[in-house]
file query-v6.txt (compact mmCIF, C-alpha atoms)
# COMPACT_ATOMS: atom_id res chain seq x y z
CA MET H 1 74.37 260.55 135.52
CA ARG H 2 75.25 262.25 138.80
CA LEU H 3 74.75 261.34 142.47
CA ASP H 4 74.44 264.23 144.91
CA LEU H 5 74.85 263.29 148.59
CA SER H 6 75.32 266.87 149.79
CA ASN H 7 71.88 266.81 151.43
CA SER H 8 72.20 263.41 153.07
CA VAL H 9 75.59 262.04 154.14
CA SER H 10 79.15 263.14 153.39
CA LEU H 11 81.64 260.97 151.55
CA ASN H 12 83.89 261.40 154.56
CA GLU H 13 81.28 259.66 156.72
CA LEU H 14 81.22 256.74 154.28
CA LYS H 15 85.00 256.19 154.21
CA SER H 16 84.76 253.55 156.92
CA TYR H 17 82.90 251.35 154.40
CA GLN H 18 85.84 251.07 152.01
CA GLU H 19 87.21 247.75 153.23
CA GLU H 20 83.77 246.15 153.21
CA VAL H 21 83.01 247.59 149.78
CA SER H 22 86.24 246.18 148.32
CA ARG H 23 85.50 242.76 149.80
CA ILE H 24 81.95 242.64 148.38
CA HIS H 25 83.06 244.11 145.03
CA LYS H 26 85.48 241.21 144.65
CA MET H 27 82.78 238.76 145.74
CA ILE H 28 80.36 240.04 143.07
CA ASN H 29 83.01 239.95 140.35
CA GLU H 30 84.19 236.46 141.30
CA LYS H 31 80.61 235.27 141.86
CA SER H 32 81.52 233.79 145.22
CA GLY H 33 78.89 235.17 147.61
CA ALA H 34 75.54 233.81 148.76
CA GLY H 35 73.25 233.16 145.81
CA ASN H 36 76.20 233.38 143.41
CA ASP H 37 74.43 231.15 140.90
CA TYR H 38 72.13 234.15 140.25
CA LEU H 39 74.85 236.72 139.58
CA GLY H 40 74.60 236.44 135.80
CA TRP H 41 73.25 239.99 135.54
CA ALA H 42 76.61 241.42 136.72
CA ASP H 43 78.39 240.61 133.42
CA TRP H 44 75.31 240.40 131.21
CA PRO H 45 76.02 243.71 129.39
CA ILE H 46 79.21 242.17 127.93
CA GLU H 47 78.09 238.54 127.72
CA TYR H 48 74.55 238.73 126.32
CA ASN H 49 73.69 236.70 123.23
CA LYS H 50 74.02 239.14 120.31
CA GLU H 51 72.35 236.76 117.87
CA GLU H 52 69.30 236.51 120.12
CA VAL H 53 69.11 240.30 120.36
CA ASP H 54 69.13 240.51 116.57
CA ARG H 55 66.38 237.88 116.43
CA MET H 56 64.32 239.84 118.96
CA ILE H 57 64.64 242.97 116.83
CA GLU H 58 63.56 241.01 113.75
CA CYS H 59 60.57 239.50 115.57
CA ALA H 60 59.66 242.91 116.99
CA LYS H 61 59.49 244.26 113.45
CA TYR H 62 57.13 241.42 112.56
CA VAL H 63 54.92 242.31 115.52
CA ARG H 64 54.89 246.00 114.62
CA ASP H 65 54.05 245.23 110.98
CA ASN H 66 51.26 242.73 111.67
CA PHE H 67 49.56 243.64 114.94
CA ASP H 68 48.01 246.64 116.64
CA ILE H 69 48.51 245.48 120.24
CA LEU H 70 51.12 243.48 122.13
CA VAL H 71 49.91 241.92 125.37
CA VAL H 72 52.79 241.33 127.76
CA CYS H 73 51.79 238.50 130.08
CA GLY H 74 53.95 238.25 133.22
CA ILE H 75 54.27 239.26 136.86
CA GLY H 76 56.91 240.73 139.17
CA GLY H 77 60.28 240.91 137.45
CA SER H 78 58.68 239.47 134.31
CA TYR H 79 56.61 242.61 133.91
CA LEU H 80 57.74 245.55 136.07
CA GLY H 81 61.00 246.33 134.27
CA ALA H 82 59.45 246.34 130.81
CA ARG H 83 56.57 248.52 131.95
CA ALA H 84 58.91 250.90 133.78
CA ALA H 85 61.12 251.33 130.72
CA LEU H 86 58.22 251.62 128.31
CA GLU H 87 56.54 254.40 130.28
CA ALA H 88 59.79 256.18 131.15
CA ILE H 89 60.83 256.48 127.51
CA ASN H 90 57.57 256.56 125.53
CA GLY H 91 55.40 258.26 128.15
CA LEU H 92 51.92 257.47 129.43
CA TYR H 93 50.05 258.51 126.27
CA SER H 94 52.32 257.33 123.50
CA ASN H 95 51.23 257.81 119.90
CA ASP H 96 53.31 254.83 118.78
CA ARG H 97 51.45 252.69 116.28
CA LEU H 98 51.77 249.57 118.48
CA GLU H 99 49.92 249.63 121.80
CA VAL H 100 51.47 247.61 124.63
CA ILE H 101 49.23 246.47 127.47
CA PHE H 102 49.87 244.17 130.43
CA MET H 103 48.10 241.13 131.78
CA GLY H 104 49.13 238.22 133.99
CA GLN H 105 50.15 240.41 136.93
CA THR H 106 46.89 240.08 138.88
CA PHE H 107 43.99 237.78 139.75
CA SER H 108 41.55 240.72 139.56
CA PRO H 109 38.43 239.56 137.68
CA ASN H 110 37.53 243.17 136.87
CA TYR H 111 40.90 243.95 135.29
CA ILE H 112 41.18 240.70 133.35
CA ALA H 113 37.60 240.81 132.07
CA GLN H 114 38.05 244.40 130.86
CA VAL H 115 41.32 243.62 129.07
CA LEU H 116 39.77 240.61 127.33
CA GLU H 117 36.76 242.68 126.31
CA TYR H 118 39.06 245.40 124.97
CA LEU H 119 40.98 242.86 122.86
CA LYS H 120 37.91 241.39 121.17
CA GLY H 121 38.04 242.00 117.44
CA LYS H 122 41.50 243.53 117.60
CA LYS H 123 44.76 242.28 116.08
CA PHE H 124 46.92 241.38 119.05
CA ALA H 125 50.05 239.35 119.75
CA ILE H 126 51.13 237.85 123.08
CA ASN H 127 54.51 237.88 124.80
CA VAL H 128 54.19 235.43 127.69
CA ILE H 129 57.04 235.57 130.21
CA SER H 130 57.61 232.85 132.81
CA LYS H 131 60.65 230.75 133.68
CA SER H 132 58.55 227.82 134.90
CA GLY H 133 55.33 228.34 133.02
CA THR H 134 53.38 227.60 136.20
CA THR H 135 53.22 231.06 137.84
CA THR H 136 49.52 231.13 138.70
CA GLU H 137 48.59 234.71 137.77
CA THR H 138 50.48 234.53 134.47
CA SER H 139 49.30 231.02 133.58
CA ILE H 140 45.62 231.86 134.10
CA SER H 141 45.90 235.00 131.95
CA PHE H 142 47.85 233.18 129.24
CA ARG H 143 45.21 230.46 129.05
CA LEU H 144 42.48 233.11 128.67
CA LEU H 145 44.46 235.10 126.10
CA LYS H 146 45.19 231.99 124.02
CA GLU H 147 41.50 231.05 124.03
CA LEU H 148 40.53 234.49 122.75
CA LEU H 149 43.35 234.58 120.18
CA VAL H 150 42.48 231.14 118.76
CA SER H 151 38.80 232.11 118.57
CA GLN H 152 39.73 235.15 116.47
CA ILE H 153 42.50 233.91 114.16
CA GLY H 154 42.57 230.13 114.53
CA LYS H 155 45.18 227.84 116.07
CA GLU H 156 47.70 228.14 113.24
CA GLY H 157 47.44 231.91 113.21
CA ALA H 158 47.81 232.02 116.99
CA LYS H 159 51.10 230.12 116.81
CA LYS H 160 52.60 232.99 114.82
CA ALA H 161 51.23 235.57 117.26
CA ILE H 162 52.65 234.07 120.47
CA PHE H 163 56.19 234.82 121.63
CA ALA H 164 57.45 233.18 124.81
CA THR H 165 60.32 234.14 127.11
CA THR H 166 61.15 231.18 129.32
CA ASP H 167 63.78 228.71 130.47
CA LYS H 168 66.19 227.43 127.86
CA GLU H 169 65.56 223.74 128.48
CA LYS H 170 62.83 222.90 131.00
CA GLY H 171 59.44 223.88 132.41
CA ALA H 172 55.80 223.74 131.40
CA LEU H 173 56.00 226.79 129.14
CA LYS H 174 59.12 225.53 127.37
CA SER H 175 57.39 222.20 126.72
CA GLU H 176 54.38 224.00 125.24
CA CYS H 177 56.64 226.13 123.05
CA VAL H 178 58.32 223.04 121.62
CA LYS H 179 54.98 221.32 121.04
CA GLU H 180 53.23 224.32 119.46
CA GLY H 181 56.18 225.94 117.70
CA TYR H 182 56.07 229.35 119.37
CA GLU H 183 58.98 231.73 118.83
CA THR H 184 61.01 231.53 122.04
CA PHE H 185 63.55 233.71 123.83
CA THR H 186 65.66 232.59 126.75
CA LEU H 187 65.34 233.77 130.31
CA PRO H 188 68.89 233.07 131.54
CA GLY H 189 69.08 230.48 134.30
CA ASP H 190 71.57 232.54 136.30
CA ILE H 191 69.47 235.73 136.38
CA GLY H 192 66.46 236.08 138.66
CA GLY H 193 63.29 237.87 137.62
CA ARG H 194 63.89 241.17 139.42
CA TYR H 195 67.34 241.45 137.79
CA SER H 196 66.11 240.48 134.31
CA VAL H 197 65.01 243.76 132.72
CA LEU H 198 68.05 243.85 130.41
CA THR H 199 67.45 240.26 129.22
CA PRO H 200 64.77 239.20 126.70
CA VAL H 201 62.26 239.57 129.57
CA GLY H 202 62.41 243.34 129.15
CA LEU H 203 64.13 243.75 125.81
CA PHE H 204 61.63 242.02 123.52
CA PRO H 205 58.54 244.02 124.51
CA LEU H 206 60.65 247.19 124.46
CA ALA H 207 61.90 246.40 120.95
CA CYS H 208 58.27 245.88 119.92
CA ALA H 209 57.54 249.36 121.29
CA GLY H 210 60.20 250.86 119.01
CA ILE H 211 62.85 251.37 121.70
CA ASP H 212 66.50 250.86 120.73
CA ILE H 213 67.44 247.90 122.91
CA LYS H 214 71.03 247.81 121.67
CA ARG H 215 71.51 251.36 122.96
CA MET H 216 69.99 250.30 126.26
CA LEU H 217 72.53 247.48 126.51
CA GLU H 218 75.32 249.91 125.60
CA GLY H 219 74.27 252.11 128.52
CA ALA H 220 74.36 249.11 130.86
CA LYS H 221 77.77 248.13 129.47
CA GLN H 222 79.13 251.60 130.23
CA ALA H 223 77.70 251.42 133.75
CA ARG H 224 79.35 248.05 134.32
CA SER H 225 82.67 249.53 133.20
CA ASP H 226 82.28 252.63 135.36
CA PHE H 227 81.57 250.58 138.47
CA GLN H 228 84.59 248.29 138.21
CA ASP H 229 86.62 250.76 140.28
CA ASP H 230 85.93 249.79 143.89
CA ARG H 231 87.27 253.04 145.36
CA LEU H 232 84.35 254.81 146.95
CA GLU H 233 85.43 258.28 145.86
CA ASN H 234 85.21 257.10 142.22
CA ASN H 235 82.13 254.88 142.36
CA ILE H 236 78.73 256.57 142.72
CA CYS H 237 76.96 253.22 142.64
CA TYR H 238 78.74 252.08 145.79
CA GLN H 239 78.37 255.51 147.38
CA TYR H 240 74.61 255.14 147.00
CA ALA H 241 74.67 251.58 148.39
CA CYS H 242 76.69 252.75 151.40
CA SER H 243 74.35 255.67 152.03
CA ARG H 244 71.45 253.21 152.26
CA ASP H 245 73.32 251.09 154.79
CA TYR H 246 74.40 254.19 156.72
CA PHE H 247 70.82 255.38 157.18
CA TYR H 248 69.61 251.85 157.97
CA ARG H 249 72.14 251.76 160.83
CA HIS H 250 71.19 255.28 161.91
CA ASN H 251 67.56 254.58 162.75
CA LYS H 252 65.95 254.99 159.35
CA CYS H 253 63.69 252.15 158.25
CA VAL H 254 62.15 253.54 155.03
CA GLU H 255 63.71 254.66 151.76
CA LEU H 256 61.25 256.88 149.92
CA TYR H 257 61.79 256.95 146.15
CA VAL H 258 60.73 260.30 144.71
CA THR H 259 60.08 261.31 141.12
CA TYR H 260 58.61 264.48 139.65
CA GLU H 261 57.20 262.83 136.53
CA PRO H 262 54.20 260.44 136.54
CA GLN H 263 55.79 258.47 133.70
CA TYR H 264 58.65 257.47 136.04
CA ALA H 265 56.32 256.04 138.71
CA GLN H 266 56.85 252.51 137.39
CA ILE H 267 60.61 252.88 137.85
CA SER H 268 59.78 253.32 141.54
CA GLU H 269 57.61 250.20 141.41
CA TRP H 270 60.50 248.27 139.86
CA LEU H 271 62.83 249.59 142.58
CA LYS H 272 60.41 248.52 145.29
CA GLN H 273 60.56 244.94 144.07
CA LEU H 274 64.31 245.01 143.44
CA PHE H 275 65.24 246.21 146.92
CA GLY H 276 62.27 244.87 148.88
CA GLU H 277 62.55 241.30 147.60
CA SER H 278 66.35 241.32 147.70
CA GLU H 279 66.80 242.74 151.21
CA GLY H 280 63.64 242.02 153.18
CA LYS H 281 64.86 238.88 154.94
CA GLU H 282 65.83 237.74 158.44
CA LYS H 283 63.95 240.74 159.87
CA LYS H 284 66.40 243.07 158.11
CA GLY H 285 66.27 245.70 155.40
CA LEU H 286 64.80 249.08 154.54
CA LEU H 287 61.17 249.30 153.45
CA PRO H 288 61.15 250.77 149.92
CA ASP H 289 58.26 253.14 149.30
CA SER H 290 57.55 255.75 146.65
CA VAL H 291 55.80 259.00 145.83
CA THR H 292 55.34 261.16 142.76
CA PHE H 293 55.72 264.87 143.48
CA SER H 294 54.27 267.41 143.24
CA THR H 295 51.05 265.32 143.26
CA ASP H 296 51.84 263.53 146.52
CA LEU H 297 53.01 266.70 148.23
CA HIS H 298 49.28 267.35 148.57
CA SER H 299 48.76 264.04 150.38
CA LEU H 300 51.93 262.62 151.97
CA GLY H 301 53.92 265.83 151.93
CA GLN H 302 52.84 266.76 155.44
CA PHE H 303 54.05 263.45 156.86
CA VAL H 304 57.39 263.59 155.04
CA GLN H 305 57.95 267.12 156.32
CA ASP H 306 56.76 266.80 159.93
CA GLY H 307 55.88 263.18 160.67
CA THR H 308 57.73 260.36 162.41
CA PRO H 309 61.41 260.68 161.34
CA LEU H 310 61.71 257.17 159.95
CA LEU H 311 62.67 257.83 156.33
CA PHE H 312 65.18 259.26 153.93
CA GLU H 313 64.52 260.16 150.30
CA THR H 314 66.17 259.07 147.08
CA ILE H 315 65.08 261.50 144.39
CA LEU H 316 65.34 260.73 140.68
CA THR H 317 65.37 263.92 138.65
CA VAL H 318 65.73 264.29 134.88
CA LYS H 319 66.99 267.64 133.61
CA LYS H 320 65.62 267.66 130.05
CA PRO H 321 62.00 266.59 129.52
CA ARG H 322 60.99 265.13 126.18
CA TYR H 323 58.17 267.66 125.89
CA ASP H 324 57.47 271.03 127.46
CA VAL H 325 54.59 273.49 127.70
CA LYS H 326 54.61 277.23 128.41
CA VAL H 327 52.18 279.08 130.67
CA PRO H 328 50.02 281.38 128.49
CA HIS H 329 48.99 284.98 129.15
CA ASP H 330 45.47 285.62 130.44
CA GLU H 331 44.08 289.13 130.07
CA GLU H 332 42.05 289.13 133.29
CA ASP H 333 44.58 287.15 135.36
CA LEU H 334 41.87 286.01 137.77
CA ASP H 335 44.00 283.04 138.83
CA GLY H 336 46.99 285.30 139.47
CA LEU H 337 49.29 283.24 137.25
CA ASN H 338 50.51 285.95 134.88
CA TYR H 339 53.73 286.14 136.89
CA LEU H 340 54.51 282.75 135.29
CA GLU H 341 53.58 283.89 131.76
CA GLY H 342 55.98 282.52 129.17
CA LYS H 343 57.72 280.22 131.64
CA SER H 344 57.90 276.51 130.86
CA LEU H 345 56.36 273.82 133.03
CA ASN H 346 59.80 272.22 133.24
CA PHE H 347 60.98 275.42 134.90
CA VAL H 348 58.03 275.34 137.31
CA ASN H 349 58.58 271.63 138.04
CA SER H 350 62.29 272.19 138.71
CA LYS H 351 61.52 274.99 141.17
CA ALA H 352 59.00 272.73 142.92
CA PHE H 353 61.81 270.18 143.27
CA GLU H 354 64.29 272.75 144.57
CA GLY H 355 61.81 274.27 147.01
CA THR H 356 60.72 270.87 148.32
CA LEU H 357 64.31 269.69 148.72
CA LYS H 358 65.15 272.78 150.77
CA ALA H 359 62.04 272.35 152.94
CA HIS H 360 62.60 268.66 153.60
CA VAL H 361 66.33 268.99 154.33
CA GLU H 362 66.50 272.27 156.24
CA ASP H 363 63.14 272.35 158.05
CA GLY H 364 62.11 268.69 158.07
CA HIS H 365 65.63 267.31 158.65
CA VAL H 366 64.97 264.55 156.13
CA PRO H 367 68.15 263.29 154.43
CA CYS H 368 67.83 263.41 150.63
CA ASN H 369 69.93 261.60 148.03
CA VAL H 370 69.57 263.06 144.54
CA ILE H 371 70.20 261.04 141.38
CA GLU H 372 70.30 263.29 138.33
CA VAL H 373 69.99 262.09 134.75
CA GLU H 374 70.48 264.50 131.86
CA GLU H 375 67.59 263.06 129.82
CA MET H 376 65.57 259.87 129.85
CA ASN H 377 66.47 257.81 126.82
CA ASP H 378 67.31 254.18 126.03
CA TYR H 379 71.05 254.55 126.77
CA ASN H 380 70.62 256.40 130.05
CA LEU H 381 67.89 254.06 131.26
CA GLY H 382 70.09 251.03 130.57
CA TYR H 383 72.79 252.74 132.62
CA LEU H 384 70.32 253.51 135.40
CA PHE H 385 68.98 249.95 135.56
CA TYR H 386 72.48 248.53 135.95
CA PHE H 387 73.36 251.20 138.53
CA PHE H 388 70.47 250.12 140.77
CA MET H 389 71.04 246.37 140.33
CA ARG H 390 74.71 246.67 141.22
CA ALA H 391 73.88 248.92 144.18
CA CYS H 392 71.29 246.40 145.36
CA GLY H 393 73.78 243.54 145.27
CA MET H 394 76.28 245.59 147.26
CA SER H 395 73.68 246.84 149.75
CA ALA H 396 72.16 243.41 150.39
CA TYR H 397 75.54 241.76 150.92
CA MET H 398 76.30 244.45 153.50
CA LEU H 399 73.33 243.07 155.45
CA ASP H 400 74.92 239.61 155.22
CA ILE H 401 71.97 238.10 153.38
CA ASN H 402 71.39 236.38 150.04
CA PRO H 403 70.18 239.10 147.62
CA PHE H 404 68.80 236.63 145.10
CA ASN H 405 66.30 234.38 146.87
CA GLN H 406 62.80 235.11 148.19
CA PRO H 407 61.87 232.41 150.73
CA GLY H 408 59.07 234.47 152.28
CA VAL H 409 57.17 234.65 148.99
CA GLU H 410 56.73 230.89 148.92
CA ILE H 411 54.75 230.84 152.19
CA TYR H 412 51.72 232.74 150.89
CA LYS H 413 51.72 230.56 147.78
CA ARG H 414 51.50 227.37 149.85
CA ASN H 415 48.59 228.78 151.83
CA MET H 416 46.82 229.96 148.68
CA PHE H 417 47.27 226.63 146.89
CA HIS H 418 45.91 224.78 149.93
CA LEU H 419 42.84 227.01 150.00
CA LEU H 420 42.35 226.57 146.26
CA GLY H 421 42.52 222.78 146.58
CA LYS H 422 45.67 222.19 144.55
CA LYS H 423 47.04 218.65 144.83
CA GLY H 424 49.90 218.29 147.31
CA TYR H 425 48.96 221.38 149.32
call {"tool": "encode", "arguments": {"input": "query-v6.txt", "output": "structure tokens"}}
result
Amino acid sequence: MRLDLSNSVSLNELKSYQEEVSRIHKMINEKSGAGNDYLGWADWPIEYNKEEVDRMIECAKYVRDNFDILVVCGIGGSYLGARAALEAINGLYSNDRLEVIFMGQTFSPNYIAQVLEYLKGKKFAINVISKSGTTTETSISFRLLKELLVSQIGKEGAKKAIFATTDKEKGALKSECVKEGYETFTLPGDIGGRYSVLTPVGLFPLACAGIDIKRMLEGAKQARSDFQDDRLENNICYQYACSRDYFYRHNKCVELYVTYEPQYAQISEWLKQLFGESEGKEKKGLLPDSVTFSTDLHSLGQFVQDGTPLLFETILTVKKPRYDVKVPHDEEDLDGLNYLEGKSLNFVNSKAFEGTLKAHVEDGHVPCNVIEVEEMNDYNLGYLFYFFMRACGMSAYMLDINPFNQPGVEIYKRNMFHLLGKKGY
């Protein structure tokens, strides 16, 4: 993995951050900052429960051998990471024998009704993910999924088809698991949802999808090791975090995440939650937004190039695609594309990236960070996930806020519960 700041801010301009970086680095390692009881993710790649990982792999094999579909039922951090990883590695139209679909992330009656209709008569298992077991979107979907599952295979059969990821000791879902005998994985108490992709929250559904979760954890372990050096010149994670703070303090209010592959769009969605929910407090923080080029060059490209100068870009580019296609010859050449004959779409895509970067930096004066990954696989994605989580912790602490709470989220819930007539609201 490589970070290129040559089109955004120089390392020399970031040198003034060194003292602050060293202070926060020590704070993260010693778990002494605000919200320190949720810093479990920082050492997770070396402290995770190896026996539980082996059990997840064994259960995933059972799912793959006995079911055609896995329904992952969760919202926010209990869903975004798994979906991001699944699409990034397996693609949008995977031919894997197990289909993974998502529910519990919306109240939409259209979406939920269509998923339930699709599942009728099919062999499906459920992975419900909730620390409390009372998250409204997830709980409603889980109740509906259980009803359908029991109607198709009976209560005893359903018990063997439900896998729960929840709190180790308490909560409504944990109580149900004990009562019904569901297979259960632990959502660590010291890791919040948006930092949980490398825990059973993300790992179990990914193992079910045939992804090597041990390799993913090895990538995260290597990232943790690489980022133990707090010297900015040696730590690309902290360079990235400092670049975000630099632009925030130089009149930028939006970080635009850019990918050139539709299957990486969910990584951007995961990043939007990670940074938005971690930093958007006390009227502070960058607004995380995202685009997928070249598609969005035909919609938002004009604004990025010539609009209000409120943003900088962070571009994720992957050098080697899993698949490639060549442009064929056409005898009549009515579309004028024969000049691309024999060239790969990866070549075309890379030139679109290079041309857009030049236009945005030189003509649009938009600062652009570039994060380059050699290829998207389980190891590199584990590395990338840890890179962003560590950068988020550093960046949020620079704003002097707690990166691990979300007090604003609770306000809409209180209003919604009152309107729905829930007791106590």
call {"tool": "atom_distance", "arguments": {"input": "query-v6.txt", "atom1": "atom CA of Met216 of chain H", "atom2": "atom CA of Thr314 of chain H"}}
result
22.9 Å
call {"tool": "atom_distance", "arguments": {"input": "query-v6.txt", "atom1": "atom CA of Thr165 of chain H", "atom2": "atom CA of Leu39 of chain H"}}
result
19.3 Å
call {"tool": "closest_atom_pairs", "arguments": {"input": "query-v6.txt", "of": "segment 256-280 of chain H", "to": "segment 89-93 of chain H", "cutoff": "10 Å", "atoms": "all atoms listed in the file", "output": "tab-separated table"}}
result
residue	atom	partner	partner_atom	distance
H:Glu261	CA	H:Gly91	CA	9.7
H:Pro262	CA	H:Leu92	CA	8.0
H:Gln263	CA	H:Gly91	CA	5.6
H:Tyr264	CA	H:Gly91	CA	8.6
call {"tool": "write_last_selection", "arguments": {"input": "query-v6.txt", "atoms": "C-alpha atoms", "output": "PDB file, keeping the file's coordinate frame"}}
result
ATOM      1  CA  GLU H 261      57.200 262.830 136.530  1.00  0.00           C
ATOM      2  CA  PRO H 262      54.200 260.440 136.540  1.00  0.00           C
ATOM      3  CA  GLN H 263      55.790 258.470 133.700  1.00  0.00           C
ATOM      4  CA  TYR H 264      58.650 257.470 136.040  1.00  0.00           C
TER       5      TYR H 264
END
call {"tool": "atom_distance", "arguments": {"input": "query-v6.txt", "atom1": "atom CA of Thr138 of chain H", "atom2": "atom CA of Gly76 of chain H"}}
result
10.1 Å
call {"tool": "residues_around", "arguments": {"input": "query-v6.txt", "residues": "Asn7 of chain H", "least_positions_apart": "4", "cutoff": "7 Å", "atoms": "all atoms listed in the file", "output": "ChimeraX atom specification"}}
result
/H:361,367-369
call {"tool": "residues_around", "arguments": {"input": "query-v6.txt", "residues": "Ser350 of chain H", "least_positions_apart": "3", "cutoff": "12 Å", "atoms": "all atoms listed in the file", "output": "list in words"}}
result
Thr259, Tyr260, Glu261, Phe293, Ser294, Thr317, Val318, Lys319, Lys320, Pro321, Lys343, Ser344, Leu345, Asn346, Phe347, Phe353, Glu354, Gly355, Thr356, Leu357 and Glu372 of chain H
call {"tool": "closest_residue", "arguments": {"input": "query-v6.txt", "among": "H:Val197, H:Leu119, H:Ile236, H:Leu217", "to": "Lys50 of chain H", "atoms": "all atoms listed in the file"}}
result
H:Leu217
call {"tool": "closest_residue", "arguments": {"input": "query-v6.txt", "among": "H:Ala241, H:Leu98, H:Val72, H:Leu144", "to": "Leu116 of chain H", "atoms": "all atoms listed in the file"}}
result
H:Leu144
call {"tool": "closest_residue", "arguments": {"input": "query-v6.txt", "among": "H:Met27, H:Leu149, H:Cys237, H:Met376", "to": "Arg322 of chain H", "atoms": "only C-alpha atoms"}}
result
H:Met376
call {"tool": "residues_near_point", "arguments": {"input": "query-v6.txt", "point": "(70.6, 251.0, 129.2)", "cutoff": "8 Å", "atoms": "only C-alpha atoms", "output": "list in words"}}
result
Leu198, Ile213, Arg215, Met216, Leu217, Glu218, Gly219, Ala220, Lys221, Asp378, Tyr379, Asn380, Leu381, Gly382, Tyr383, Leu384, Phe385 and Tyr386 of chain H
call {"tool": "closest_residue", "arguments": {"input": "query-v6.txt", "among": "H:Thr295, H:Asn402, H:Asn49, H:Leu173", "to": "Asn36 of chain H", "atoms": "all atoms listed in the file"}}
result
H:Asn402
call {"tool": "residues_around", "arguments": {"input": "query-v6.txt", "residues": "segment 124-127 of chain H", "least_positions_apart": "5", "cutoff": "8 Å", "atoms": "all atoms listed in the file", "output": "list in words"}}
result
Val63, Phe67, Asp68, Ile69, Leu70, Val71, Val72, Cys73, Leu119, Leu145, Leu149, Ala161, Ile162, Phe163, Ala164, Thr165 and Pro205 of chain H
call {"tool": "residues_around", "arguments": {"input": "query-v6.txt", "residues": "Cys242 of chain H", "least_positions_apart": "2", "cutoff": "10 Å", "atoms": "all atoms listed in the file", "output": "list of chain:residue names"}}
result
H:Val9, H:Leu11, H:Glu13, H:Leu14, H:Lys15, H:Ser16, H:Tyr17, H:Gln18, H:Glu20, H:Val21, H:Leu232, H:Ile236, H:Cys237, H:Tyr238, H:Gln239, H:Tyr240, H:Arg244, H:Asp245, H:Tyr246, H:Phe247, H:Tyr248, H:Ala391, H:Met394, H:Ser395, H:Met398
call {"tool": "write_last_selection", "arguments": {"input": "query-v6.txt", "atoms": "C-alpha atoms", "output": "short mmCIF file (atom, residue, chain, number, x, y, z; two decimals), keeping the file's coordinate frame"}}
result
data_model
loop_
_atom_site.label_atom_id
_atom_site.label_comp_id
_atom_site.auth_asym_id
_atom_site.auth_seq_id
_atom_site.Cartn_x
_atom_site.Cartn_y
_atom_site.Cartn_z
CA VAL H 9 75.59 262.04 154.14
CA LEU H 11 81.64 260.97 151.55
CA GLU H 13 81.28 259.66 156.72
CA LEU H 14 81.22 256.74 154.28
CA LYS H 15 85.00 256.19 154.21
CA SER H 16 84.76 253.55 156.92
CA TYR H 17 82.90 251.35 154.40
CA GLN H 18 85.84 251.07 152.01
CA GLU H 20 83.77 246.15 153.21
CA VAL H 21 83.01 247.59 149.78
CA LEU H 232 84.35 254.81 146.95
CA ILE H 236 78.73 256.57 142.72
CA CYS H 237 76.96 253.22 142.64
CA TYR H 238 78.74 252.08 145.79
CA GLN H 239 78.37 255.51 147.38
CA TYR H 240 74.61 255.14 147.00
CA ARG H 244 71.45 253.21 152.26
CA ASP H 245 73.32 251.09 154.79
CA TYR H 246 74.40 254.19 156.72
CA PHE H 247 70.82 255.38 157.18
CA TYR H 248 69.61 251.85 157.97
CA ALA H 391 73.88 248.92 144.18
CA MET H 394 76.28 245.59 147.26
CA SER H 395 73.68 246.84 149.75
CA MET H 398 76.30 244.45 153.50
#
call {"tool": "closest_residue", "arguments": {"input": "query-v6.txt", "among": "H:Ser299, H:Ser108, H:Gln228, H:Gln305", "to": "Ala359 of chain H", "atoms": "all atoms listed in the file"}}
result
H:Gln305
call {"tool": "residues_around", "arguments": {"input": "query-v6.txt", "residues": "Met103 of chain H", "least_positions_apart": "2", "cutoff": "9 Å", "atoms": "all atoms listed in the file", "output": "VMD selection string"}}
result
chain H and resid 71 to 75 79 101 105 to 106 111 to 112 115 137 to 138 141 to 142
call {"tool": "residues_near_point", "arguments": {"input": "query-v6.txt", "point": "(63.8, 246.2, 163.7)", "cutoff": "10 Å", "atoms": "all atoms listed in the file", "output": "CSV table (one decimal) with C-alpha atoms, in the coordinates of the input"}}
result
chain,number,residue,atom,x,y,z
H,248,TYR,CA,69.6,251.8,158.0
H,251,ASN,CA,67.6,254.6,162.8
H,253,CYS,CA,63.7,252.2,158.2
H,283,LYS,CA,64.0,240.7,159.9
H,284,LYS,CA,66.4,243.1,158.1
H,285,GLY,CA,66.3,245.7,155.4
H,286,LEU,CA,64.8,249.1,154.5
call {"tool": "closest_residue", "arguments": {"input": "query-v6.txt", "among": "H:Tyr62, H:Lys123, H:Gly393, H:Asp400", "to": "Ser278 of chain H", "atoms": "all atoms listed in the file"}}
result
H:Gly393
